[in-house]
>>> print(open('target.txt').read())   # compact mmCIF, C-alpha atoms and all ligand atoms
# COMPACT_ATOMS: atom_id res chain seq x y z
CA MET A 262 97.50 38.42 110.75
CA ILE A 263 94.47 40.30 112.00
CA SER A 264 93.63 42.91 109.49
CA GLN A 265 91.09 45.49 110.40
CA ASN A 266 90.78 46.23 106.68
CA GLN A 267 89.45 42.76 106.02
CA LYS A 268 86.18 43.21 107.81
CA LEU A 269 83.35 40.99 106.70
CA GLY A 270 80.33 43.15 107.33
CA GLN A 271 79.12 46.54 106.19
CA PRO A 272 78.48 48.67 109.25
CA GLN A 273 76.36 51.33 107.59
CA ASN A 274 73.00 51.29 105.85
CA LEU A 275 72.33 47.68 106.70
CA PRO A 276 68.97 46.45 105.46
CA SER A 277 66.84 45.46 108.40
CA ILE A 278 66.01 41.75 108.51
CA GLY A 279 63.29 40.27 110.65
CA LEU A 280 63.92 38.08 113.64
CA ARG A 281 65.19 34.61 112.70
CA PRO A 282 65.07 32.44 115.83
CA GLY A 283 68.16 30.28 116.03
CA LEU A 284 69.65 32.33 113.15
CA GLU A 285 68.27 29.72 110.75
CA GLY A 286 69.51 30.45 107.24
CA VAL A 287 71.35 33.63 108.27
CA PRO A 288 74.97 33.68 107.06
CA VAL A 289 77.16 35.29 109.72
CA THR A 290 80.58 34.58 108.28
CA GLN A 291 82.43 33.34 105.23
CA SER A 292 84.31 30.08 105.60
CA ALA A 293 86.47 27.82 103.43
CA ILE A 294 86.64 24.94 105.92
CA CYS A 295 83.60 22.73 105.56
CA ASP A 296 80.81 22.39 103.02
CA ILE A 297 77.48 20.64 103.61
CA ASP A 298 74.79 19.78 101.07
CA GLY A 299 71.93 18.88 103.37
CA THR A 300 69.61 17.77 100.58
CA LYS A 301 72.06 15.36 99.01
CA GLY A 302 73.61 14.35 102.34
CA GLU A 303 77.10 15.43 101.37
CA LEU A 304 79.85 16.70 103.65
CA ARG A 305 83.35 17.83 102.67
CA TYR A 306 86.27 19.11 104.70
CA ARG A 307 88.34 21.56 102.62
CA GLY A 308 86.82 19.98 99.50
CA TYR A 309 87.48 16.33 100.41
CA PRO A 310 84.42 14.05 100.82
CA ILE A 311 83.96 12.83 104.38
CA ALA A 312 83.74 9.16 103.33
CA GLU A 313 87.13 9.37 101.64
CA LEU A 314 88.75 11.02 104.65
CA ALA A 315 87.20 8.50 107.05
CA ALA A 316 88.47 5.63 104.91
CA GLN A 317 91.92 6.95 103.96
CA SER A 318 93.08 9.59 106.40
CA SER A 319 94.09 9.66 110.05
CA PHE A 320 92.65 12.04 112.63
CA LEU A 321 95.90 14.02 112.90
CA GLU A 322 96.23 14.28 109.12
CA THR A 323 92.61 15.49 108.91
CA THR A 324 93.29 17.95 111.74
CA TYR A 325 96.25 19.35 109.80
CA LEU A 326 94.05 19.65 106.70
CA LEU A 327 91.31 21.48 108.59
CA ILE A 328 93.59 23.88 110.43
CA TRP A 329 96.23 24.66 107.79
CA GLY A 330 94.04 24.23 104.71
CA ASP A 331 95.89 21.49 102.77
CA LEU A 332 96.84 17.87 103.32
CA PRO A 333 100.38 17.61 104.73
CA ASN A 334 103.20 15.98 102.81
CA PRO A 335 104.80 12.97 104.59
CA GLN A 336 107.45 15.09 106.35
CA GLU A 337 104.93 17.72 107.46
CA LEU A 338 102.69 14.99 108.83
CA ARG A 339 105.56 13.30 110.70
CA ASP A 340 106.57 16.65 112.22
CA PHE A 341 103.00 17.44 113.24
CA GLU A 342 102.49 13.99 114.79
CA LYS A 343 105.80 14.30 116.65
CA GLU A 344 104.96 17.76 118.02
CA VAL A 345 101.56 16.56 119.23
CA GLN A 346 103.15 13.49 120.79
CA MET A 347 105.68 15.66 122.66
CA HIS A 348 102.96 17.84 124.21
CA ARG A 349 100.54 15.16 125.41
CA ARG A 350 101.50 15.42 129.05
CA VAL A 351 99.65 17.86 131.30
CA SER A 352 101.19 19.66 134.25
CA PHE A 353 100.86 18.01 137.66
CA ARG A 354 99.15 21.26 138.69
CA VAL A 355 96.32 20.61 136.22
CA ARG A 356 96.07 17.00 137.43
CA ASP A 357 96.02 18.16 141.07
CA MET A 358 93.33 20.69 140.23
CA MET A 359 91.28 17.89 138.63
CA LYS A 360 91.66 15.83 141.80
CA CYS A 361 89.68 18.56 143.58
CA PHE A 362 86.76 18.23 141.15
CA PRO A 363 83.79 16.26 142.52
CA ALA A 364 83.93 12.68 141.23
CA THR A 365 80.19 12.88 140.57
CA GLY A 366 80.60 15.91 138.28
CA HIS A 367 80.00 15.52 134.56
CA PRO A 368 83.20 14.94 132.54
CA MET A 369 82.19 17.74 130.13
CA ASP A 370 82.26 20.20 133.03
CA ALA A 371 85.63 18.81 134.09
CA LEU A 372 86.88 19.22 130.52
CA GLN A 373 85.59 22.76 130.19
CA SER A 374 87.30 23.77 133.43
CA SER A 375 90.58 22.06 132.61
CA ALA A 376 90.65 23.45 129.05
CA ALA A 377 90.15 26.94 130.46
CA SER A 378 92.89 26.34 133.04
CA LEU A 379 95.45 25.86 130.25
CA GLY A 380 95.11 29.59 129.62
CA LEU A 381 96.63 30.20 133.06
CA PHE A 382 99.78 28.42 131.95
CA TYR A 383 100.13 29.47 128.34
CA SER A 384 98.05 32.58 127.67
CA ARG A 385 100.07 35.52 126.49
CA ARG A 386 97.34 36.89 124.24
CA ALA A 387 99.95 36.89 121.48
CA ILE A 388 97.49 35.81 118.84
CA ASP A 389 99.16 37.80 116.07
CA ASN A 390 102.36 35.77 116.58
CA PRO A 391 102.28 32.69 114.26
CA LYS A 392 104.46 30.70 116.69
CA TYR A 393 102.02 31.35 119.54
CA VAL A 394 99.14 30.22 117.30
CA TYR A 395 101.00 27.07 116.20
CA ASP A 396 101.96 26.17 119.79
CA ALA A 397 98.40 26.70 121.00
CA VAL A 398 97.08 24.39 118.26
CA ILE A 399 99.59 21.68 119.19
CA ARG A 400 98.93 21.98 122.91
CA LEU A 401 95.16 21.84 122.60
CA ILE A 402 95.13 18.92 120.16
CA ALA A 403 97.67 17.09 122.35
CA LYS A 404 96.36 17.77 125.84
CA ILE A 405 92.57 17.59 125.56
CA PRO A 406 92.55 13.75 125.27
CA THR A 407 94.96 13.46 128.20
CA MET A 408 92.66 15.59 130.35
CA VAL A 409 89.56 13.55 129.40
CA ALA A 410 91.36 10.28 130.29
CA ALA A 411 92.84 11.78 133.47
CA PHE A 412 89.42 12.76 134.86
CA GLN A 413 88.13 9.26 134.18
CA LEU A 414 90.88 7.68 136.33
CA ILE A 415 90.81 10.43 138.96
CA ARG A 416 87.09 10.02 139.55
CA LYS A 417 87.66 6.28 140.09
CA GLY A 418 90.16 7.21 142.81
CA GLN A 419 93.23 6.39 140.71
CA ASP A 420 96.17 8.42 139.50
CA PRO A 421 96.09 9.27 135.78
CA ILE A 422 98.50 7.27 133.68
CA GLN A 423 101.08 8.94 131.48
CA PRO A 424 100.73 8.91 127.68
CA ARG A 425 102.78 6.27 125.86
CA ASP A 426 105.13 7.65 123.22
CA ASP A 427 105.08 4.43 121.20
CA LEU A 428 101.31 4.67 120.65
CA ALA A 429 99.64 6.78 117.98
CA TYR A 430 97.10 9.45 118.92
CA SER A 431 93.92 7.37 119.10
CA ALA A 432 95.51 4.20 120.48
CA ASN A 433 97.19 6.29 123.18
CA PHE A 434 93.89 7.89 124.21
CA LEU A 435 92.16 4.51 124.54
CA TYR A 436 95.18 3.25 126.49
CA MET A 437 95.13 6.23 128.91
CA LEU A 438 91.37 5.77 129.37
CA THR A 439 91.08 2.01 129.78
CA GLU A 440 94.64 1.24 130.98
CA ARG A 441 94.87 -1.38 128.22
CA GLU A 442 96.55 -1.10 124.87
CA PRO A 443 93.71 -1.35 122.33
CA ASP A 444 93.74 -3.88 119.51
CA PRO A 445 94.52 -2.29 116.10
CA LEU A 446 90.93 -2.57 114.81
CA SER A 447 89.49 -0.71 117.81
CA ALA A 448 92.17 1.98 117.59
CA ARG A 449 91.56 2.49 113.87
CA ILE A 450 87.79 2.60 114.28
CA PHE A 451 88.13 5.15 117.08
CA ASP A 452 90.44 7.24 114.89
CA ARG A 453 87.83 7.15 112.11
CA CYS A 454 85.18 8.32 114.61
CA LEU A 455 87.41 11.30 115.43
CA ILE A 456 87.70 12.15 111.72
CA LEU A 457 83.91 12.03 111.37
CA HIS A 458 83.34 14.42 114.28
CA ALA A 459 86.19 16.84 113.57
CA GLU A 460 84.26 19.61 111.83
CA HIS A 461 80.75 20.56 110.80
CA SER A 462 80.59 24.21 109.72
CA LEU A 463 78.77 26.74 111.88
CA ASN A 464 77.10 24.50 114.45
CA ALA A 465 76.38 25.98 117.90
CA SER A 466 79.77 25.20 119.50
CA THR A 467 81.74 26.40 116.48
CA PHE A 468 79.69 29.58 116.40
CA SER A 469 80.42 29.95 120.10
CA ALA A 470 84.13 29.46 119.37
CA ARG A 471 84.03 32.11 116.65
CA VAL A 472 82.13 34.58 118.82
CA THR A 473 84.68 34.12 121.60
CA ALA A 474 87.56 34.30 119.10
CA SER A 475 86.15 37.54 117.69
CA THR A 476 86.90 39.32 120.98
CA LEU A 477 90.60 38.47 120.43
CA THR A 478 90.78 36.53 123.68
CA ASP A 479 93.16 33.59 124.03
CA PRO A 480 92.58 30.20 122.31
CA TYR A 481 92.10 28.34 125.59
CA ALA A 482 89.09 30.55 126.35
CA VAL A 483 87.85 29.91 122.79
CA ILE A 484 87.98 26.14 123.29
CA ALA A 485 86.53 26.26 126.82
CA SER A 486 83.62 28.29 125.51
CA ALA A 487 83.01 25.80 122.69
CA VAL A 488 83.20 22.80 125.06
CA GLY A 489 80.51 24.37 127.24
CA THR A 490 78.27 24.84 124.20
CA LEU A 491 78.86 21.33 122.88
CA ALA A 492 77.72 19.81 126.17
CA GLY A 493 74.00 20.51 125.75
CA PRO A 494 71.58 17.72 124.77
CA LEU A 495 70.46 19.50 121.59
CA HIS A 496 74.09 19.44 120.41
CA GLY A 497 76.93 17.04 121.32
CA GLY A 498 75.24 15.87 124.50
CA ALA A 499 72.71 13.97 122.37
CA ASN A 500 75.04 10.97 121.88
CA GLU A 501 74.79 10.14 125.58
CA ASP A 502 71.02 10.57 125.56
CA VAL A 503 70.61 8.26 122.55
CA ILE A 504 71.95 5.30 124.53
CA LYS A 505 69.73 6.19 127.51
CA MET A 506 66.77 6.28 125.11
CA LEU A 507 67.64 2.94 123.49
CA GLU A 508 67.94 1.35 126.93
CA GLU A 509 64.57 2.81 127.90
CA ILE A 510 63.01 1.33 124.74
CA GLY A 511 64.65 -1.97 125.70
CA SER A 512 63.75 -4.18 122.71
CA PRO A 513 62.98 -3.75 119.00
CA GLU A 514 59.28 -4.60 119.53
CA ASN A 515 58.89 -1.51 121.74
CA ALA A 516 60.26 0.90 119.12
CA LYS A 517 56.87 1.59 117.52
CA SER A 518 55.03 2.38 120.74
CA TYR A 519 57.94 4.54 121.94
CA LEU A 520 57.80 6.52 118.72
CA ASP A 521 53.98 6.79 118.82
CA ASN A 522 54.16 8.17 122.32
CA ALA A 523 57.04 10.55 121.51
CA ILE A 524 55.18 11.98 118.52
CA LEU A 525 51.97 12.30 120.55
CA THR A 526 53.71 14.10 123.41
CA LYS A 527 55.97 16.12 121.07
CA LYS A 528 59.08 14.60 122.61
CA LYS A 529 62.23 14.74 120.49
CA ILE A 530 63.85 11.48 119.39
CA MET A 531 67.48 11.90 120.40
CA GLY A 532 69.98 11.44 117.59
CA PHE A 533 67.39 12.47 115.00
CA GLY A 534 66.98 15.72 113.11
CA HIS A 535 69.42 18.34 111.96
CA ARG A 536 69.25 21.97 110.99
CA GLU A 537 71.32 21.28 107.85
CA TYR A 538 70.25 17.82 106.65
CA ARG A 539 66.95 16.75 105.14
CA VAL A 540 68.27 13.20 104.60
CA LYS A 541 70.27 10.77 106.75
CA ASP A 542 73.48 12.41 107.97
CA PRO A 543 76.35 10.88 105.95
CA ARG A 544 78.33 10.51 109.17
CA ALA A 545 75.53 8.39 110.68
CA THR A 546 75.75 6.02 107.71
CA ILE A 547 79.52 5.63 108.14
CA LEU A 548 79.25 5.26 111.93
CA GLN A 549 76.62 2.56 111.49
CA GLY A 550 79.11 0.70 109.29
CA LEU A 551 81.83 1.13 111.93
CA ALA A 552 79.50 -0.25 114.60
CA GLU A 553 78.82 -3.27 112.39
CA GLU A 554 82.58 -3.82 111.89
CA LEU A 555 83.06 -3.86 115.65
CA PHE A 556 80.06 -6.13 116.22
CA ALA A 557 81.37 -8.59 113.59
CA ARG A 558 84.65 -8.89 115.52
CA PHE A 559 83.59 -8.53 119.15
CA GLY A 560 79.90 -9.52 119.23
CA LYS A 561 76.72 -7.56 118.67
CA ASP A 562 75.29 -5.03 121.10
CA LYS A 563 71.60 -5.83 121.51
CA MET A 564 70.81 -2.12 121.52
CA TYR A 565 71.81 -2.10 117.84
CA ASP A 566 68.61 -3.96 116.91
CA VAL A 567 66.62 -1.43 118.94
CA ALA A 568 68.34 1.42 117.09
CA LYS A 569 67.63 -0.14 113.69
CA ALA A 570 63.99 -0.78 114.59
CA LEU A 571 63.59 2.82 115.72
CA GLU A 572 65.21 4.14 112.55
CA GLN A 573 62.92 1.96 110.43
CA GLU A 574 59.78 3.05 112.30
CA ALA A 575 60.83 6.70 112.16
CA GLU A 576 61.45 6.66 108.42
CA SER A 577 57.77 6.68 107.49
CA ARG A 578 56.71 8.92 110.38
CA LEU A 579 59.46 11.56 110.54
CA GLY A 580 61.15 11.12 107.15
CA LYS A 581 58.49 13.20 105.42
CA LYS A 582 59.55 16.13 107.63
CA GLY A 583 63.20 15.55 106.69
CA ILE A 584 64.05 14.13 110.11
CA TYR A 585 66.59 11.30 109.93
CA PRO A 586 69.41 9.94 112.11
CA ASN A 587 72.22 12.43 112.74
CA VAL A 588 75.85 11.84 113.75
CA ASP A 589 74.88 11.13 117.36
CA PHE A 590 72.54 8.25 116.63
CA TYR A 591 75.09 5.47 116.05
CA SER A 592 78.24 6.95 117.62
CA GLY A 593 77.30 5.87 121.16
CA LEU A 594 76.96 2.25 120.03
CA VAL A 595 80.52 2.39 118.65
CA TYR A 596 81.90 3.99 121.81
CA ARG A 597 80.07 1.50 124.02
CA LYS A 598 81.66 -1.39 122.16
CA LEU A 599 85.05 0.27 122.59
CA GLY A 600 84.49 0.25 126.37
CA ILE A 601 84.06 4.01 126.73
CA PRO A 602 81.74 5.02 129.61
CA ARG A 603 78.52 6.72 128.53
CA ASP A 604 79.18 10.12 130.04
CA LEU A 605 82.46 10.30 128.12
CA TYR A 606 80.81 10.14 124.69
CA THR A 607 80.47 13.93 124.51
CA PRO A 608 84.03 14.60 125.78
CA VAL A 609 85.20 12.22 123.04
CA PHE A 610 83.23 14.33 120.56
CA ALA A 611 85.05 17.38 121.98
CA ILE A 612 88.49 15.74 121.54
CA SER A 613 87.73 15.53 117.86
CA ARG A 614 85.88 18.82 117.37
CA VAL A 615 88.83 20.78 118.81
CA ALA A 616 90.28 20.43 115.30
CA GLY A 617 87.31 22.22 113.72
CA TRP A 618 87.14 24.84 116.48
CA LEU A 619 90.81 25.67 116.00
CA ALA A 620 90.40 25.88 112.24
CA HIS A 621 87.57 28.38 112.75
CA TRP A 622 89.59 30.28 115.37
CA ARG A 623 92.38 30.83 112.83
CA GLU A 624 89.95 31.70 110.08
CA GLN A 625 88.14 34.18 112.34
CA LEU A 626 91.42 35.91 113.22
CA GLY A 627 92.28 36.18 109.53
CA ALA A 628 89.28 38.46 108.88
CA ASN A 629 88.06 39.47 112.28
CA ARG A 630 85.19 41.66 113.27
CA ILE A 631 83.68 41.30 116.72
CA PHE A 632 80.28 39.57 116.75
CA ARG A 633 77.68 41.92 118.06
CA PRO A 634 74.21 41.16 116.66
CA SER A 635 71.17 43.23 117.44
CA GLN A 636 67.93 42.35 119.18
CA ILE A 637 64.29 43.34 119.08
CA TYR A 638 63.54 44.89 122.43
CA THR A 639 60.27 43.64 123.94
CA GLY A 640 60.52 45.11 127.45
CA GLU A 641 58.91 48.17 129.05
CA LYS A 642 59.67 51.41 127.22
CA SER A 643 59.90 53.78 130.15
CA ARG A 644 59.11 53.34 133.85
CA LYS A 645 58.81 55.68 136.78
CA TRP A 646 61.10 55.05 139.78
CA LYS A 647 59.31 54.04 143.04
CA GLN A 648 60.78 54.06 146.54
CA ALA A 649 61.10 50.55 148.04
CA ASP A 650 58.09 50.91 150.40
CA GLU A 651 55.83 52.01 147.50
CA ARG A 652 56.46 48.83 145.46
CA SER A 653 53.95 46.01 145.30
CA SER A 654 55.05 42.35 145.33
CA THR A 655 57.06 41.22 142.30
CA LYS A 656 56.59 37.52 143.05
CA SER A 657 54.17 37.03 140.16
CA ASN A 658 56.85 38.13 137.65
N1 LIG B 1 62.40 14.15 117.00
C1 LIG B 1 61.14 14.50 116.67
N2 LIG B 1 60.83 15.64 116.03
C2 LIG B 1 61.82 16.45 115.69
C3 LIG B 1 63.17 16.13 115.97
C4 LIG B 1 63.43 14.94 116.65
N3 LIG B 1 64.67 14.59 116.98
N4 LIG B 1 63.94 17.12 115.54
C5 LIG B 1 63.13 18.04 114.99
N5 LIG B 1 61.85 17.63 115.08
C6 LIG B 1 60.66 18.36 114.60
C7 LIG B 1 60.26 19.42 115.61
O1 LIG B 1 59.38 18.91 116.57
C8 LIG B 1 59.65 20.46 114.71
O2 LIG B 1 58.39 20.02 114.36
P1 LIG B 1 57.16 21.05 114.13
O3 LIG B 1 57.59 21.94 112.99
O4 LIG B 1 55.99 20.19 113.80
O5 LIG B 1 57.02 21.80 115.41
C9 LIG B 1 60.52 20.40 113.46
O6 LIG B 1 61.04 19.06 113.42
C10 LIG B 1 61.67 21.37 113.47
O7 LIG B 1 62.40 21.14 114.69
P2 LIG B 1 63.34 22.20 115.38
O8 LIG B 1 63.65 21.74 116.76
O9 LIG B 1 62.77 23.57 115.20
O10 LIG B 1 64.63 22.08 114.43
P3 LIG B 1 66.01 22.77 114.69
O11 LIG B 1 66.65 22.88 113.37
O12 LIG B 1 65.85 24.00 115.49
O13 LIG B 1 66.77 21.73 115.64
C11 LIG B 1 67.96 19.83 116.34
C12 LIG B 1 67.72 20.81 115.19
C13 LIG B 1 69.14 18.96 116.00
C14 LIG B 1 68.29 20.62 117.63
C15 LIG B 1 66.68 18.98 116.54
O14 LIG B 1 66.46 18.19 115.42
C16 LIG B 1 66.76 18.14 117.79
O15 LIG B 1 66.45 18.61 118.89
N6 LIG B 1 67.19 16.83 117.67
C17 LIG B 1 67.35 15.98 118.82
C18 LIG B 1 68.67 16.27 119.54
C19 LIG B 1 69.84 15.80 118.70
O16 LIG B 1 69.88 14.69 118.21
N7 LIG B 1 70.87 16.66 118.63
C20 LIG B 1 72.10 16.36 117.89
C21 LIG B 1 72.22 17.23 116.68
S1 LIG B 1 73.41 16.66 115.46
C22 LIG B 1 74.95 16.71 116.20
C23 LIG B 1 75.31 17.94 116.92
O17 LIG B 1 75.03 19.05 116.49
O18 LIG B 1 75.92 17.79 117.96
>>> encode(input="target.txt", output="structure tokens")
Amino acid sequence: MISQNQKLGQPQNLPSIGLRPGLEGVPVTQSAICDIDGTKGELRYRGYPIAELAAQSSFLETTYLLIWGDLPNPQELRDFEKEVQMHRRVSFRVRDMMKCFPATGHPMDALQSSAASLGLFYSRRAIDNPKYVYDAVIRLIAKIPTMVAAFQLIRKGQDPIQPRDDLAYSANFLYMLTEREPDPLSARIFDRCLILHAEHSLNASTFSARVTASTLTDPYAVIASAVGTLAGPLHGGANEDVIKMLEEIGSPENAKSYLDNAILTKKKIMGFGHREYRVKDPRATILQGLAEELFARFGKDKMYDVAKALEQEAESRLGKKGIYPNVDFYSGLVYRKLGIPRDLYTPVFAISRVAGWLAHWREQLGANRIFRPSQIYTGEKSRKWKQADERSSTKSN
């Protein structure tokens, strides 16, 4: 599977390129998984438009598409769903380990640790064995939601509840989290949210996954590394911060002064801006629609009016710089209506993005070369050694 002859780069006589902070515009791999047109606001997974997948597909079907490259036929989908369902449970040892985590810790840290711990149980570093790869995919897709729900109950002082075999993937997660079987509309909307977050080309966490994968380490380390990267507020952590920001703004009338002040003090508006898009993120548009569907059935969240007022105010002020709502702007409002606690929004993002990370893991292994970029050294060229008692204070450094 891993062919050293299929290397992507040319090691010799590389033209020197200048420093590009954040690697903006620098291709570092080839990929057939996800395509973004940031000017038109288009996103496709394996060639299928995101709106069509979100309307027609299920999260597990989309996961299959992303990881194996094509949509499954009905039998392949049934087999995949069954395999995932059979591996949802996590060992009592993992649950006991999670009981030792501080209840005040962030669920993303709990998830990163528990995802890494799976490697203790299943890692055989047999990544050139297709069965090992398939089993790792199934286990990670199946167990990550169980671990997110388990930490939620454990930190409330309860025992995690077991997955229910009669419930589909998304309904089962909401059941394990809230201890209530969700109504069909909520389960379907949650499933659509997972489809929308499943993949997004070479974002920071996916790049992190590919860098980790490129060392040929095990897939649990790949996913743990990506979870840690997703957690930051400039990436997946923004969905949590959006709701904090909307609550701080408080009412639609305050949106303008909040924005004025943010622009004046050069503070970022959370849930706005994207390296790839110069228009509104197509996922934000779909998520806004999903929020409205939930509000129509279960009552409106008053923060929705604040969000709309902020978006309207920002259009004339930030739109000219190509800064519009991204995927994180409306997702929190959907999750809030589904009864998901705020600090679980990013772990929910991770549940979904595992699909994309695994797709990139497989793709990376198919044409691997270890990532090892260069740097421009800015430190001292050469220094003379001094004995300890000859050194002056270094405190100013
Ligand atoms: N609010 C106000 N100004 C912004 C924003 C924002 N959210 N985002 C970018 N800008 C401005 C920024 O101040 C800079 O202006 P100037 O050129 O005058 O200094 C310019 O736009 C370029 O910004 P940048 O930070 O260099 O852009 P980037 O491509 O490096 O960063 C980003 C992209 C998503 C990190 C950034 O837009 C941001 O910090 N957004 C807020 C956090 C957020 O919502 N993150 C979720 C990203 S989407 C989902 C995901 O990846 O998880």
>>> closest_residue(input="target.txt", among="A:Gly279, A:Gly583, A:Pro424, A:Gly640", to="ligand LIG 1 (chain B)", atoms="all atoms listed in the file")
A:Gly583
>>> residues_near_ligand(input="target.txt", ligand="ligand LIG 1 (chain B)", cutoff="7 Å", atoms="all atoms listed in the file", output="mmCIF file with C-alpha atoms, in the frame of the given file")
data_model
loop_
_atom_site.group_PDB
_atom_site.id
_atom_site.type_symbol
_atom_site.label_atom_id
_atom_site.label_comp_id
_atom_site.auth_asym_id
_atom_site.auth_seq_id
_atom_site.Cartn_x
_atom_site.Cartn_y
_atom_site.Cartn_z
ATOM 1 C CA GLY A 283 68.160 30.280 116.030
ATOM 2 C CA ASN A 464 77.100 24.500 114.450
ATOM 3 C CA LEU A 491 78.860 21.330 122.880
ATOM 4 C CA PRO A 494 71.580 17.720 124.770
ATOM 5 C CA LEU A 495 70.460 19.500 121.590
ATOM 6 C CA HIS A 496 74.090 19.440 120.410
ATOM 7 C CA GLY A 497 76.930 17.040 121.320
ATOM 8 C CA GLY A 498 75.240 15.870 124.500
ATOM 9 C CA ALA A 499 72.710 13.970 122.370
ATOM 10 C CA ILE A 524 55.180 11.980 118.520
ATOM 11 C CA LYS A 527 55.970 16.120 121.070
ATOM 12 C CA LYS A 528 59.080 14.600 122.610
ATOM 13 C CA LYS A 529 62.230 14.740 120.490
ATOM 14 C CA ILE A 530 63.850 11.480 119.390
ATOM 15 C CA MET A 531 67.480 11.900 120.400
ATOM 16 C CA GLY A 532 69.980 11.440 117.590
ATOM 17 C CA PHE A 533 67.390 12.470 115.000
ATOM 18 C CA GLY A 534 66.980 15.720 113.110
ATOM 19 C CA HIS A 535 69.420 18.340 111.960
ATOM 20 C CA ARG A 536 69.250 21.970 110.990
ATOM 21 C CA LEU A 579 59.460 11.560 110.540
ATOM 22 C CA LYS A 582 59.550 16.130 107.630
ATOM 23 C CA ILE A 584 64.050 14.130 110.110
ATOM 24 C CA ASN A 587 72.220 12.430 112.740
ATOM 25 C CA VAL A 588 75.850 11.840 113.750
ATOM 26 C CA ASP A 589 74.880 11.130 117.360
#
>>> closest_residue(input="target.txt", among="A:Arg623, A:Lys569, A:Arg441, A:Lys642", to="A:Asp389", atoms="only C-alpha atoms")
A:Arg623
>>> closest_residue(input="target.txt", among="A:Thr655, A:Thr473, A:Leu599, A:Ala516", to="A:Leu435", atoms="all atoms listed in the file")
A:Leu599
>>> closest_atom_pairs(input="target.txt", of="stretch 342-406 of chain A", to="stretch 327-336 of chain A", cutoff="10 Å", atoms="all atoms listed in the file", output="Markdown table")
| residue | atom | partner | partner_atom | distance |
| --- | --- | --- | --- | --- |
| A:Glu342 | CA | A:Gln336 | CA | 9.9 |
| A:Tyr395 | CA | A:Ile328 | CA | 9.9 |
| A:Val398 | CA | A:Ile328 | CA | 8.6 |
>>> closest_residue(input="target.txt", among="A:Ile637, A:Met359, A:Leu446, A:Val287", to="A:Ala371", atoms="all atoms listed in the file")
A:Met359
>>> atom_distance(input="target.txt", atom1="atom CA of A:Tyr538", atom2="atom CA of A:Asp298")
7.5 Å
>>> atom_distance(input="target.txt", atom1="atom CA of A:Gly617", atom2="atom CA of A:His461")
7.4 Å
>>> atom_distance(input="target.txt", atom1="atom CA of A:Gln419", atom2="atom CA of A:Phe434")
16.6 Å
>>> residues_around(input="target.txt", residues="A:Phe341", least_positions_apart="3", cutoff="9 Å", atoms="all atoms listed in the file", output="compact mmCIF listing (two decimals) with C-alpha atoms, in the frame of the given file")
# COMPACT_ATOMS: atom_id res chain seq x y z
CA LEU A 321 95.90 14.02 112.90
CA GLU A 322 96.23 14.28 109.12
CA TYR A 325 96.25 19.35 109.80
CA PRO A 333 100.38 17.61 104.73
CA GLN A 336 107.45 15.09 106.35
CA GLU A 337 104.93 17.72 107.46
CA LEU A 338 102.69 14.99 108.83
CA GLU A 344 104.96 17.76 118.02
CA VAL A 345 101.56 16.56 119.23
CA GLN A 346 103.15 13.49 120.79
CA ILE A 399 99.59 21.68 119.19
>>> closest_residue(input="target.txt", among="A:Ala482, A:Leu314, A:Val472, A:Val567", to="A:Arg633", atoms="all atoms listed in the file")
A:Val472
>>> closest_residue(input="target.txt", among="A:Glu553, A:Asp420, A:Glu501, A:Glu624", to="A:Arg471", atoms="all atoms listed in the file")
A:Glu624
>>> residues_around(input="target.txt", residues="A:Ser292", least_positions_apart="3", cutoff="12 Å", atoms="only C-alpha atoms", output="PyMOL selection string")
chain A and resi 269+288-289+295-297+306-307+327+330+461-463+467-468+471+617+620-628
>>> write_last_selection(input="target.txt", atoms="C-alpha atoms", output="PDB file, keeping the file's coordinate frame")
ATOM      1  CA  LEU A 269      83.350  40.990 106.700  1.00  0.00           C
ATOM      2  CA  PRO A 288      74.970  33.680 107.060  1.00  0.00           C
ATOM      3  CA  VAL A 289      77.160  35.290 109.720  1.00  0.00           C
ATOM      4  CA  CYS A 295      83.600  22.730 105.560  1.00  0.00           C
ATOM      5  CA  ASP A 296      80.810  22.390 103.020  1.00  0.00           C
ATOM      6  CA  ILE A 297      77.480  20.640 103.610  1.00  0.00           C
ATOM      7  CA  TYR A 306      86.270  19.110 104.700  1.00  0.00           C
ATOM      8  CA  ARG A 307      88.340  21.560 102.620  1.00  0.00           C
ATOM      9  CA  LEU A 327      91.310  21.480 108.590  1.00  0.00           C
ATOM     10  CA  GLY A 330      94.040  24.230 104.710  1.00  0.00           C
ATOM     11  CA  HIS A 461      80.750  20.560 110.800  1.00  0.00           C
ATOM     12  CA  SER A 462      80.590  24.210 109.720  1.00  0.00           C
ATOM     13  CA  LEU A 463      78.770  26.740 111.880  1.00  0.00           C
ATOM     14  CA  THR A 467      81.740  26.400 116.480  1.00  0.00           C
ATOM     15  CA  PHE A 468      79.690  29.580 116.400  1.00  0.00           C
ATOM     16  CA  ARG A 471      84.030  32.110 116.650  1.00  0.00           C
ATOM     17  CA  GLY A 617      87.310  22.220 113.720  1.00  0.00           C
ATOM     18  CA  ALA A 620      90.400  25.880 112.240  1.00  0.00           C
ATOM     19  CA  HIS A 621      87.570  28.380 112.750  1.00  0.00           C
ATOM     20  CA  TRP A 622      89.590  30.280 115.370  1.00  0.00           C
ATOM     21  CA  ARG A 623      92.380  30.830 112.830  1.00  0.00           C
ATOM     22  CA  GLU A 624      89.950  31.700 110.080  1.00  0.00           C
ATOM     23  CA  GLN A 625      88.140  34.180 112.340  1.00  0.00           C
ATOM     24  CA  LEU A 626      91.420  35.910 113.220  1.00  0.00           C
ATOM     25  CA  GLY A 627      92.280  36.180 109.530  1.00  0.00           C
ATOM     26  CA  ALA A 628      89.280  38.460 108.880  1.00  0.00           C
TER      27      ALA A 628
END
